[in-house]
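File shown: entry_10.txt (compact mmCIF, C-alpha atoms).
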# COMPACT_ATOMS: atom_id res chain seq x y z
CA MET A 1037 0.00 0.00 0.00
CA GLU A 1038 2.75 2.43 0.89
CA GLN A 1039 4.32 1.98 -2.53
CA LYS A 1040 1.06 2.71 -4.30
CA THR A 1041 0.62 5.89 -2.26
CA GLU A 1042 3.99 7.08 -3.42
CA GLN A 1043 3.06 6.41 -7.04
CA LYS A 1044 -0.17 8.30 -6.59
CA THR A 1045 1.56 11.32 -5.15
CA GLU A 1046 3.95 11.34 -8.06
CA HIS A 1047 1.08 11.12 -10.48
CA HIS A 1048 -0.65 14.08 -8.89
CA HIS A 1049 2.47 16.17 -9.11
CA ASP A 1050 2.35 15.73 -12.86
CA ASP A 1051 -0.89 17.57 -13.32
CA GLU A 1052 -0.23 20.63 -11.19
CA HIS A 1053 1.77 22.63 -13.70
CA GLY A 1054 3.26 24.55 -10.82
CA SER A 1055 -0.03 26.31 -10.01
CA GLU A 1056 -1.47 26.74 -6.57
CA LEU A 1057 -3.68 23.86 -5.47
CA SER A 1058 -7.30 24.64 -4.81
CA GLU A 1059 -8.92 23.82 -1.49
CA MET A 1060 -10.77 20.91 -3.07
CA GLN A 1061 -7.70 19.50 -4.77
CA LEU A 1062 -5.97 19.47 -1.39
CA ARG A 1063 -8.92 17.96 0.47
CA VAL A 1064 -9.47 15.19 -2.05
CA ARG A 1065 -5.78 14.43 -2.25
CA ALA A 1066 -5.64 14.12 1.54
CA LEU A 1067 -8.75 11.94 1.54
CA GLU A 1068 -7.40 9.61 -1.12
CA THR A 1069 -4.01 9.36 0.55
CA VAL A 1070 -5.51 8.52 3.94
CA LEU A 1071 -7.94 5.94 2.54
CA THR A 1072 -5.17 4.36 0.48
CA GLU A 1073 -2.72 4.22 3.38
CA LYS A 1074 -5.37 2.61 5.54
CA GLY A 1075 -5.81 -0.07 2.90
CA TYR A 1076 -9.44 0.80 2.08
CA VAL A 1077 -8.97 1.74 -1.58
CA ASP A 1078 -6.61 0.90 -4.41
CA PRO A 1079 -5.74 3.94 -6.56
CA ALA A 1080 -5.62 1.69 -9.64
CA ALA A 1081 -9.28 0.85 -9.07
CA LEU A 1082 -10.08 4.57 -8.80
CA ASP A 1083 -8.32 5.15 -12.12
CA ALA A 1084 -10.37 2.37 -13.70
CA ILE A 1085 -13.66 3.82 -12.38
CA ILE A 1086 -12.81 7.24 -13.83
CA GLU A 1087 -11.84 5.74 -17.16
CA ALA A 1088 -15.13 3.84 -17.30
CA PHE A 1089 -17.12 7.00 -16.61
CA GLU A 1090 -15.18 8.92 -19.22
CA THR A 1091 -15.20 6.31 -21.96
CA LYS A 1092 -17.66 3.45 -21.39
CA VAL A 1093 -20.94 4.92 -20.19
CA GLY A 1094 -22.56 7.85 -21.91
CA PRO A 1095 -25.52 8.97 -23.98
CA HIS A 1096 -24.32 6.82 -26.87
CA VAL A 1097 -25.80 3.84 -25.01
CA GLY A 1098 -29.25 5.41 -24.69
CA ALA A 1099 -29.05 6.63 -28.27
CA ARG A 1100 -28.61 3.04 -29.50
CA ALA A 1101 -31.76 2.01 -27.65
CA VAL A 1102 -33.75 4.94 -29.02
CA ALA A 1103 -32.59 4.38 -32.60
CA LYS A 1104 -33.46 0.70 -32.41
CA ALA A 1105 -36.86 1.51 -30.95
CA TRP A 1106 -37.48 3.82 -33.91
CA THR A 1107 -36.78 1.07 -36.42
CA ASP A 1108 -37.86 -2.12 -34.68
CA PRO A 1109 -41.43 -2.20 -33.31
CA ALA A 1110 -40.79 -5.39 -31.32
CA PHE A 1111 -37.79 -3.81 -29.64
CA LYS A 1112 -39.76 -0.65 -28.93
CA GLN A 1113 -42.44 -2.70 -27.22
CA ALA A 1114 -39.81 -4.60 -25.23
CA LEU A 1115 -38.13 -1.32 -24.23
CA LEU A 1116 -41.37 0.19 -22.98
CA GLU A 1117 -42.26 -3.02 -21.13
CA ASP A 1118 -38.90 -3.59 -19.43
CA GLY A 1119 -36.21 -1.02 -20.15
CA SER A 1120 -33.51 -2.81 -18.17
CA LYS A 1121 -33.99 -6.08 -20.03
CA ALA A 1122 -34.26 -4.46 -23.46
CA VAL A 1123 -31.14 -2.30 -23.04
CA LEU A 1124 -29.16 -5.28 -21.74
CA ALA A 1125 -30.22 -7.27 -24.82
CA LEU A 1126 -28.73 -4.54 -27.03
CA GLY A 1127 -25.31 -5.72 -25.88
CA VAL A 1128 -23.74 -2.23 -25.74
CA ILE A 1129 -23.23 -2.49 -21.97
CA ASN A 1130 -23.05 -5.70 -20.01
CA ARG A 1131 -24.95 -4.62 -16.90
CA VAL A 1132 -28.10 -2.58 -16.40
CA GLY A 1133 -29.64 -1.88 -13.01
CA ASP A 1134 -33.21 -2.80 -12.18
CA HIS A 1135 -36.19 -0.72 -13.13
CA LEU A 1136 -34.92 1.34 -16.02
CA ILE A 1137 -38.20 2.72 -17.34
CA ALA A 1138 -38.56 4.13 -20.84
CA VAL A 1139 -41.36 6.65 -21.36
CA GLU A 1140 -42.57 7.55 -24.82
CA ASN A 1141 -43.13 11.02 -26.22
CA THR A 1142 -46.05 11.50 -28.60
CA PRO A 1143 -47.52 14.55 -30.33
CA LYS A 1144 -49.90 14.81 -27.38
CA LEU A 1145 -47.54 14.05 -24.50
CA HIS A 1146 -44.04 15.22 -23.64
CA ASN A 1147 -42.12 13.53 -20.82
CA MET A 1148 -39.45 15.19 -18.71
CA ILE A 1149 -37.19 13.63 -16.07
CA VAL A 1150 -35.96 15.28 -12.87
CA CYS A 1151 -34.70 14.38 -9.42
CA THR A 1152 -35.87 17.16 -7.09
CA LEU A 1153 -34.22 15.62 -4.01
CA CYS A 1154 -30.73 14.90 -5.34
CA SER A 1155 -29.38 13.75 -8.70
CA CYS A 1156 -30.96 10.41 -9.62
CA TYR A 1157 -30.30 9.76 -13.29
CA PRO A 1158 -30.14 6.71 -15.58
CA TRP A 1159 -26.35 6.95 -15.76
CA GLU A 1160 -25.75 3.52 -17.28
CA VAL A 1161 -27.52 4.70 -20.43
CA LEU A 1162 -26.84 8.46 -20.35
CA GLY A 1163 -23.53 8.74 -18.48
CA LEU A 1164 -23.12 10.99 -15.47
CA PRO A 1165 -25.63 13.84 -15.31
CA PRO A 1166 -24.69 17.32 -16.51
CA VAL A 1167 -24.26 20.04 -13.92
CA TRP A 1168 -27.55 21.72 -14.82
CA TYR A 1169 -29.48 18.52 -14.06
CA LYS A 1170 -28.10 18.59 -10.51
CA SER A 1171 -28.56 22.33 -10.07
CA ALA A 1172 -31.11 24.17 -7.93
CA PRO A 1173 -32.77 25.94 -10.89
CA TYR A 1174 -33.63 22.66 -12.66
CA ARG A 1175 -34.52 20.69 -9.55
CA SER A 1176 -36.80 23.43 -8.23
CA ARG A 1177 -38.60 24.42 -11.43
CA ALA A 1178 -38.97 21.23 -13.45
CA VAL A 1179 -41.98 20.10 -11.40
CA ASN A 1180 -43.97 23.33 -11.41
CA ASP A 1181 -42.77 25.24 -14.46
CA PRO A 1182 -41.61 22.65 -16.99
CA ARG A 1183 -42.56 24.84 -19.94
CA GLY A 1184 -40.44 27.64 -18.51
CA VAL A 1185 -37.54 25.24 -18.07
CA LEU A 1186 -37.92 24.11 -21.67
CA ALA A 1187 -37.81 27.76 -22.71
CA ASP A 1188 -34.45 28.04 -20.93
CA PHE A 1189 -33.27 25.31 -23.31
CA GLY A 1190 -34.77 27.13 -26.28
CA VAL A 1191 -37.41 24.44 -26.63
CA ALA A 1192 -41.05 25.26 -27.30
CA LEU A 1193 -43.78 22.63 -27.31
CA PRO A 1194 -47.15 23.06 -28.99
CA ALA A 1195 -49.67 24.44 -26.49
CA ASP A 1196 -51.80 21.31 -26.81
CA THR A 1197 -48.96 18.96 -25.94
CA ALA A 1198 -49.39 17.94 -22.31
CA ILE A 1199 -46.33 17.67 -20.10
CA ARG A 1200 -45.64 14.82 -17.74
CA VAL A 1201 -42.79 15.25 -15.27
CA TRP A 1202 -41.24 12.18 -13.63
CA ASP A 1203 -39.58 12.93 -10.28
CA SER A 1204 -37.02 10.18 -9.68
CA THR A 1205 -37.51 9.80 -5.95
CA ALA A 1206 -36.50 6.11 -5.73
CA GLU A 1207 -34.15 3.67 -7.48
CA THR A 1208 -36.40 3.47 -10.51
CA ARG A 1209 -34.78 5.47 -13.32
CA PHE A 1210 -36.33 6.99 -16.41
CA ILE A 1211 -35.27 7.57 -19.98
CA VAL A 1212 -37.39 9.42 -22.51
CA LEU A 1213 -38.05 7.81 -25.87
CA PRO A 1214 -38.28 10.92 -28.06
CA MET A 1215 -40.25 11.13 -31.30
CA ARG A 1216 -38.44 10.12 -34.46
CA PRO A 1217 -37.56 13.17 -36.56
CA LYS A 1218 -39.43 13.61 -39.81
CA GLY A 1219 -37.65 12.81 -43.04
CA THR A 1220 -35.66 9.87 -41.66
CA GLU A 1221 -37.53 7.08 -43.44
CA GLY A 1222 -35.14 4.34 -44.46
CA TRP A 1223 -32.28 5.62 -42.30
CA SER A 1224 -30.01 3.05 -40.67
CA GLU A 1225 -29.91 2.63 -36.91
CA ASP A 1226 -26.40 4.11 -36.85
CA LYS A 1227 -27.48 7.20 -38.69
CA LEU A 1228 -30.60 7.57 -36.55
CA ALA A 1229 -28.53 7.20 -33.37
CA SER A 1230 -26.51 10.23 -34.45
CA LEU A 1231 -29.69 12.32 -34.16
CA VAL A 1232 -30.40 11.29 -30.56
CA THR A 1233 -29.14 13.89 -28.08
CA ARG A 1234 -28.70 13.42 -24.37
CA ASP A 1235 -31.22 16.16 -23.66
CA SER A 1236 -33.82 14.51 -25.88
CA MET A 1237 -33.60 11.47 -23.58
CA ILE A 1238 -34.07 13.64 -20.47
CA GLY A 1239 -36.95 15.52 -22.06
CA THR A 1240 -35.29 18.95 -22.17
CA GLY A 1241 -34.62 18.82 -25.89
CA PHE A 1242 -35.56 17.21 -29.18
CA PRO A 1243 -33.47 14.93 -31.36
CA ARG A 1244 -31.47 16.70 -34.04
CA GLN A 1245 -33.43 17.32 -37.20
CA THR A 1246 -32.19 15.95 -40.48
CA SER A 1247 -31.26 19.45 -41.60
CA GLU A 1248 -28.75 19.63 -38.72
CA VAL A 1249 -26.76 16.58 -39.79
CA VAL A 1250 -27.10 16.05 -43.51
CA MET B 946 -35.85 16.01 6.74
CA ASP B 947 -37.30 19.31 5.56
CA GLY B 948 -33.98 20.57 4.24
CA VAL B 949 -32.86 22.79 1.40
CA HIS B 950 -32.11 19.68 -0.68
CA ASP B 951 -35.87 19.22 -1.10
CA MET B 952 -36.11 21.79 -3.86
CA GLY B 953 -39.17 20.83 -5.89
CA GLY B 954 -41.33 23.92 -6.43
CA MET B 955 -39.05 26.44 -4.72
CA HIS B 956 -38.70 29.86 -6.31
CA GLY B 957 -35.79 32.19 -6.81
CA PHE B 958 -33.02 29.94 -8.15
CA GLY B 959 -33.11 31.51 -11.58
CA LYS B 960 -32.73 30.10 -15.06
CA VAL B 961 -31.36 26.71 -15.96
CA GLU B 962 -27.99 27.27 -17.55
CA ALA B 963 -26.65 24.46 -19.67
CA GLU B 964 -22.98 24.27 -20.54
CA GLN B 965 -22.11 23.44 -24.14
CA ASP B 966 -19.87 20.39 -24.62
CA GLU B 967 -19.66 19.84 -20.90
CA PRO B 968 -16.85 17.47 -19.84
CA VAL B 969 -17.66 14.39 -17.72
CA PHE B 970 -15.61 15.91 -14.89
CA HIS B 971 -14.58 19.55 -14.53
CA ALA B 972 -11.48 18.82 -12.49
CA ASP B 973 -9.37 15.86 -11.50
CA TRP B 974 -10.59 16.09 -7.90
CA GLU B 975 -14.19 15.66 -9.05
CA ALA B 976 -13.26 12.43 -10.79
CA ARG B 977 -11.31 11.18 -7.74
CA THR B 978 -14.27 12.06 -5.49
CA GLN B 979 -16.72 10.11 -7.64
CA ALA B 980 -14.31 7.15 -7.72
CA LEU B 981 -13.57 7.25 -3.98
CA TYR B 982 -17.27 7.25 -3.24
CA ARG B 983 -17.87 4.18 -5.41
CA ALA B 984 -14.84 2.29 -4.11
CA MET B 985 -15.93 2.88 -0.50
CA SER B 986 -19.50 1.85 -1.36
CA TYR B 987 -18.09 -1.41 -2.71
CA ALA B 988 -16.18 -1.84 0.56
CA GLY B 989 -19.57 -1.85 2.28
CA VAL B 990 -19.08 1.22 4.44
CA TRP B 991 -22.24 3.02 3.35
CA VAL B 992 -25.29 2.62 1.18
CA ILE B 993 -26.67 5.30 -1.10
CA ASP B 994 -29.41 6.52 1.25
CA GLN B 995 -26.95 7.00 4.10
CA ALA B 996 -24.74 9.05 1.81
CA ARG B 997 -27.74 11.12 0.68
CA PHE B 998 -28.85 11.75 4.25
CA THR B 999 -25.37 12.88 5.22
CA ARG B 1000 -25.32 15.42 2.37
CA GLU B 1001 -28.80 16.62 3.33
CA GLN B 1002 -27.46 17.36 6.81
CA LEU B 1003 -24.79 19.73 5.57
CA PRO B 1004 -25.60 23.24 6.86
CA PRO B 1005 -28.06 24.87 4.42
CA ALA B 1006 -25.63 27.59 3.35
CA VAL B 1007 -22.95 24.96 2.70
CA TYR B 1008 -25.36 22.77 0.75
CA LEU B 1009 -26.50 25.64 -1.45
CA GLY B 1010 -23.07 27.19 -1.81
CA SER B 1011 -21.11 24.07 -2.68
CA SER B 1012 -20.62 22.44 -6.05
CA TYR B 1013 -22.07 18.98 -6.50
CA TYR B 1014 -18.86 17.07 -5.93
CA LYS B 1015 -17.85 19.29 -3.03
CA LYS B 1016 -21.04 18.15 -1.30
CA TRP B 1017 -20.05 14.55 -2.01
CA GLU B 1018 -16.59 15.10 -0.61
CA LEU B 1019 -17.80 16.87 2.53
CA GLY B 1020 -20.38 14.13 3.03
CA MET B 1021 -17.73 11.42 2.75
CA GLU B 1022 -15.47 13.16 5.25
CA ARG B 1023 -18.31 13.34 7.72
CA GLN B 1024 -19.37 9.72 7.23
CA LEU B 1025 -15.82 8.42 7.54
CA ALA B 1026 -15.40 10.33 10.79
CA ASP B 1027 -18.77 9.11 12.14
CA LEU B 1028 -17.87 5.52 11.25
CA GLY B 1029 -14.43 5.83 12.85
CA LEU B 1030 -12.76 4.94 9.55
CA ALA B 1031 -10.75 8.15 9.04
CA GLY B 1032 -10.50 11.06 11.43
CA PRO B 1033 -10.46 14.80 10.76
CA ASP B 1034 -6.96 14.83 12.24
CA GLU B 1035 -5.79 12.38 9.58
CA LEU B 1036 -7.43 14.34 6.76
CA ALA B 1037 -5.83 17.52 8.08
CA ALA B 1038 -2.45 15.79 8.27
CA GLY B 1039 -2.89 14.30 4.80
CA HIS B 1040 -1.73 10.92 6.05
CA ALA B 1041 -3.08 8.01 8.06
CA LEU B 1042 -2.22 8.38 11.74
CA ARG B 1043 -3.78 5.06 12.74
CA PRO B 1044 -4.08 1.68 11.03
CA GLY B 1045 -7.19 1.03 8.96
CA LYS B 1046 -10.09 -1.06 10.22
CA PRO B 1047 -11.04 -4.26 8.42
CA LEU B 1048 -13.68 -3.66 5.75
CA LYS B 1049 -15.94 -6.15 3.99
CA ARG B 1050 -13.92 -6.12 0.77
CA LYS B 1051 -11.63 -4.00 -1.35
CA LEU B 1052 -12.26 -3.02 -4.94
CA SER B 1053 -9.59 -3.98 -7.45
CA ALA B 1054 -9.21 -2.48 -10.91
CA ALA B 1055 -10.16 -5.83 -12.45
CA GLU B 1056 -13.52 -5.75 -10.65
CA VAL B 1057 -14.44 -2.24 -11.78
CA PRO B 1058 -16.46 -3.39 -14.84
CA THR B 1059 -18.73 -5.31 -12.47
CA ILE B 1060 -19.62 -2.20 -10.46
CA MET B 1061 -20.44 0.09 -13.35
CA THR B 1062 -24.11 -0.23 -12.73
CA ARG B 1063 -26.59 0.95 -10.16
CA GLY B 1064 -27.02 -1.06 -6.99
CA LEU B 1065 -29.86 -3.54 -6.72
CA PHE B 1066 -32.44 -2.49 -4.19
CA THR B 1067 -35.30 -4.87 -4.94
CA ARG B 1068 -36.08 -7.33 -2.17
CA PRO B 1069 -38.53 -10.20 -1.61
CA ALA B 1070 -41.90 -8.83 -0.52
CA PRO B 1071 -42.79 -9.48 3.12
CA LYS B 1072 -46.50 -8.98 2.35
CA PRO B 1073 -48.81 -8.35 -0.61
CA ALA B 1074 -49.01 -4.86 -2.08
CA ARG B 1075 -51.74 -2.74 -0.51
CA PHE B 1076 -52.59 -0.77 -3.67
CA GLU B 1077 -53.01 -1.48 -7.34
CA PRO B 1078 -52.89 0.65 -10.48
CA GLY B 1079 -55.91 2.93 -10.68
CA ASP B 1080 -56.31 3.30 -6.90
CA ARG B 1081 -56.63 6.83 -5.59
CA VAL B 1082 -54.29 7.54 -2.70
CA ARG B 1083 -53.37 10.45 -0.47
CA THR B 1084 -49.76 10.98 0.46
CA LYS B 1085 -49.20 11.36 4.17
CA ASN B 1086 -48.50 14.68 5.82
CA ILE B 1087 -45.19 13.64 7.34
CA HIS B 1088 -42.24 15.81 8.37
CA PRO B 1089 -39.60 13.45 9.73
CA LYS B 1090 -36.36 15.03 10.90
CA THR B 1091 -34.63 12.05 9.32
CA HIS B 1092 -34.26 10.95 5.68
CA THR B 1093 -37.32 10.49 3.51
CA ARG B 1094 -37.93 10.30 -0.23
CA LEU B 1095 -41.38 11.86 -0.07
CA PRO B 1096 -40.79 15.42 -1.31
CA ARG B 1097 -42.50 18.26 0.53
CA TYR B 1098 -44.45 19.40 -2.51
CA ALA B 1099 -46.11 16.00 -2.78
CA ARG B 1100 -47.24 15.57 0.84
CA ASP B 1101 -50.93 15.48 1.76
CA LYS B 1102 -51.87 15.35 -1.94
CA VAL B 1103 -54.29 13.08 -3.77
CA GLY B 1104 -52.94 11.12 -6.70
CA VAL B 1105 -53.48 7.91 -8.59
CA ILE B 1106 -51.38 4.76 -8.51
CA GLU B 1107 -50.10 4.35 -12.03
CA ALA B 1108 -47.74 1.42 -11.63
CA LEU B 1109 -46.35 -1.00 -9.09
CA ARG B 1110 -42.54 -1.03 -9.26
CA GLY B 1111 -41.67 -3.97 -7.04
CA CYS B 1112 -40.55 -4.18 -3.44
CA HIS B 1113 -37.45 -2.18 -2.47
CA VAL B 1114 -35.15 -1.30 0.41
CA PHE B 1115 -36.91 1.50 2.36
CA PRO B 1116 -34.69 4.61 2.32
CA ASP B 1117 -36.31 6.08 5.44
CA THR B 1118 -35.06 3.21 7.62
CA ILE B 1119 -31.80 2.17 5.96
CA ALA B 1120 -30.56 5.77 6.05
CA ILE B 1121 -30.69 5.83 9.84
CA GLY B 1122 -29.38 2.36 10.49
CA LYS B 1123 -32.79 0.79 11.11
CA GLY B 1124 -32.52 -1.90 8.47
CA GLU B 1125 -33.82 -2.51 4.97
CA ASP B 1126 -37.50 -2.93 5.94
CA PRO B 1127 -38.50 -3.63 2.28
CA GLN B 1128 -41.57 -1.78 1.03
CA TRP B 1129 -43.67 -1.77 -2.12
CA LEU B 1130 -42.90 1.06 -4.47
CA TYR B 1131 -45.43 2.78 -6.73
CA THR B 1132 -45.48 5.45 -9.40
CA VAL B 1133 -48.09 7.91 -8.13
CA VAL B 1134 -49.25 10.58 -10.55
CA PHE B 1135 -50.76 13.92 -9.54
CA ASP B 1136 -52.53 16.61 -11.48
CA GLY B 1137 -50.42 19.75 -11.57
CA ARG B 1138 -53.27 21.70 -10.01
CA GLU B 1139 -53.47 19.34 -7.04
CA LEU B 1140 -49.83 20.18 -6.33
CA TRP B 1141 -49.58 23.82 -7.39
CA GLY B 1142 -53.06 25.30 -7.50
CA ASP B 1143 -55.35 26.65 -10.16
CA ASN B 1144 -52.87 28.92 -11.90
CA THR B 1145 -51.02 25.84 -13.12
CA GLU B 1146 -51.35 24.58 -16.66
CA ALA B 1147 -54.36 22.25 -16.59
CA SER B 1148 -52.71 19.42 -18.50
CA LEU B 1149 -49.56 19.18 -16.35
CA GLN B 1150 -49.01 15.90 -14.56
CA VAL B 1151 -46.22 15.13 -12.13
CA SER B 1152 -45.36 11.74 -10.72
CA ILE B 1153 -43.25 10.60 -7.84
CA GLU B 1154 -41.98 7.16 -6.89
CA ALA B 1155 -43.68 6.55 -3.56
CA PHE B 1156 -43.04 3.84 -1.02
CA GLU B 1157 -46.15 2.26 0.46
CA PRO B 1158 -45.75 3.76 3.97
CA TYR B 1159 -46.07 7.22 2.37
CA LEU B 1160 -49.58 6.44 1.13
CA GLU B 1161 -53.06 6.01 2.49
CA PRO B 1162 -56.25 5.06 0.62
CA VAL B 1163 -58.69 7.81 -0.30
Encoding of this model in structure tokens:
Amino acid sequence: MEQKTEQKTEHHHDDEHGSELSEMQLRVRALETVLTEKGYVDPAALDAIIEAFETKVGPHVGARAVAKAWTDPAFKQALLEDGSKAVLALGVINRVGDHLIAVENTPKLHNMIVCTLCSCYPWEVLGLPPVWYKSAPYRSRAVNDPRGVLADFGVALPADTAIRVWDSTAETRFIVLPMRPKGTEGWSEDKLASLVTRDSMIGTGFPRQTSEVV
Amino acid sequence: MDGVHDMGGMHGFGKVEAEQDEPVFHADWEARTQALYRAMSYAGVWVIDQARFTREQLPPAVYLGSSYYKKWELGMERQLADLGLAGPDELAAGHALRPGKPLKRKLSAAEVPTIMTRGLFTRPAPKPARFEPGDRVRTKNIHPKTHTRLPRYARDKVGVIEALRGCHVFPDTIAIGKGEDPQWLYTVVFDGRELWGDNTEASLQVSIEAFEPYLEPV
């Protein structure tokens, strides 16, 4: 353990560039050093966790599920019935937690996901949540002024589209199945997946339109 | 607890500001904090609801004034001290001053792919579910000083059971060391006007995930 601590300290010295360390850099460095010296954590495991969050999980996983649902009615039905099972069957990631619930947008209904109490988010399929999702403005307003929140994102829904907000207050997690953009008939799943934005799967945006990618 | 973390419906926080091309982490310490939290969860020292409750107990000004990962880090420091696993003196010194205590297990890099998923909180049901989809329910008017997942804005409100989501670890008890006490979980949907009054858009619906002890029949 002692040896690993030394390596870690060396590693940290590399990314300072001679600048003053912030309070949080110092606190977290102290925390990691103490927990490593006590034998509770292995810095190599921490490195692997960070790499996984930066490279393995992300909105590309959810986008695959959405694109497949747009092209394969049986998969769409399976996704809406049991999101965890359907996403696992896609084979993009090898583990999906229980109770991933996909909710479908229609011309009459727009779904939006929030966690007013903390930051619950379907991170296996969307990656870690963006800062705004965890921020007080979003958490406070999504449940009573969703149309105003959408306006903050530059998104306007037709007045006759009802809004349904899902507050993620337990370990059930939600992903929005957005509507397929017009003009994408005959597109491949890969090409369709490139239209699916993270925000469209949270309900604060729409997929890209064909004019934005062609 | 009725803390500042329970933000649903509060006013005055301003516009939602999204960052373009936001990185996964904004600083190395954020990444290390996320990783430390998960590695220590794997070691069995805390469960998610205990970590949430600890963050909720940060002083309100600290909670509101701290970035997301700073709250995580401060919460971890407090939990480690409470559990006797790492003292403030050691964190101030930047080195262990006492040997570590034995933990359940230690995460290796090779095991990381197995933990890149959410924890499993479903449990065998101790009794049949009390409600079924379509039932009208009223959420209880509770104000525990301890952890709960029933948000303030959805207390003492009438809604409809939309779905049964299985039987899960009960956050209200596990967070305070009173065991898993598994409870049925439901999606309960409310009309916006039931929650926010008549000035609210008539078609708005808001749902919460409600554990059975939060609900009573109407």
Report the closest atom pair, with its distance in Å rounded to one decimal, for each residue of chain B that has an atom no farther than 6 Å from chain A; count only C-alpha atoms, sort by chain and then rising residue number, and write it as a tab-separated table.
residue	atom	partner	partner_atom	distance
B:His950	CA	A:Leu1153	CA	5.7
B:Asp951	CA	A:Leu1153	CA	4.9
B:Met952	CA	A:Ser1176	CA	4.7
B:Gly953	CA	A:Ser1176	CA	4.2
B:Gly954	CA	A:Ser1176	CA	4.9
B:Met955	CA	A:Ser1176	CA	5.1
B:Phe958	CA	A:Pro1173	CA	4.9
B:Gly959	CA	A:Pro1173	CA	5.6
B:Lys960	CA	A:Pro1173	CA	5.9
B:Val961	CA	A:Pro1173	CA	5.3
B:Ala963	CA	A:Trp1168	CA	5.6
B:Trp974	CA	A:Gln1061	CA	5.5
B:Ala980	CA	A:Leu1082	CA	5.1
B:Leu1036	CA	A:Ala1066	CA	5.5
B:Gly1039	CA	A:Ala1066	CA	4.3
B:His1040	CA	A:Val1070	CA	4.9
B:Ala1041	CA	A:Val1070	CA	4.8
B:Pro1044	CA	A:Lys1074	CA	5.7
B:Gly1045	CA	A:Lys1074	CA	4.2
B:Ser1053	CA	A:Ala1081	CA	5.1
B:Ala1054	CA	A:Ala1081	CA	3.8
B:Thr1062	CA	A:Gly1133	CA	5.8
B:Arg1063	CA	A:Gly1133	CA	5.0
B:Arg1094	CA	A:Thr1205	CA	5.8
B:Ser1148	CA	A:Ala1198	CA	5.3
B:Leu1149	CA	A:Ile1199	CA	5.2
B:Gln1150	CA	A:Arg1200	CA	4.8
B:Val1151	CA	A:Val1201	CA	4.7
B:Ser1152	CA	A:Trp1202	CA	5.1
B:Ile1153	CA	A:Asp1203	CA	5.0
B:Glu1154	CA	A:Thr1205	CA	5.3
Checklist entry - How many Å separate atom CA of Glu1035 of chain B from atom CA of Met1021 of chain B? => result 13.8 Å
Write out as a compact mmCIF listing (two decimals) with C-alpha atoms, in the coordinates of the input each polymer residue whose atoms come within 6 Å of segment 1114-1128 of chain B, counting only C-alpha atoms; drop sequence neighbours fewer than 5 positions from it.
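This is the output file part_6.txt:
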# COMPACT_ATOMS: atom_id res chain seq x y z
CA ASP B 994 -29.41 6.52 1.25
CA GLN B 995 -26.95 7.00 4.10
CA PHE B 1066 -32.44 -2.49 -4.19
CA HIS B 1092 -34.26 10.95 5.68
CA THR B 1093 -37.32 10.49 3.51
Residue neighbourhood Asn1141 of chain A, 8 Å, only C-alpha atoms, exclusion window fewer than 2 positions, as a PDB file with C-alpha atoms, keeping the file's coordinate frame:
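Heads up, here's the output in around.pdb:
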ATOM      1  CA  VAL A1139     -41.360   6.650 -21.360  1.00  0.00           C
ATOM      2  CA  PRO A1143     -47.520  14.550 -30.330  1.00  0.00           C
ATOM      3  CA  LYS A1144     -49.900  14.810 -27.380  1.00  0.00           C
ATOM      4  CA  LEU A1145     -47.540  14.050 -24.500  1.00  0.00           C
ATOM      5  CA  HIS A1146     -44.040  15.220 -23.640  1.00  0.00           C
ATOM      6  CA  ASN A1147     -42.120  13.530 -20.820  1.00  0.00           C
ATOM      7  CA  VAL A1212     -37.390   9.420 -22.510  1.00  0.00           C
ATOM      8  CA  LEU A1213     -38.050   7.810 -25.870  1.00  0.00           C
ATOM      9  CA  PRO A1214     -38.280  10.920 -28.060  1.00  0.00           C
ATOM     10  CA  MET A1215     -40.250  11.130 -31.300  1.00  0.00           C
TER      11      MET A1215
END
Checklist entry - Just how far from atom CA of Leu1057 of chain A is atom CA of Arg1000 of chain B, in Å to one decimal? => result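 Separation between atom CA of Arg1000 of chain B and atom CA of Leu1057 of chain A: 24.5 Å.
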Checklist outcome for this item: Students should find that atom CA of Asp947 of chain B and atom CA of Val990 of chain B are spaced 25.7 Å
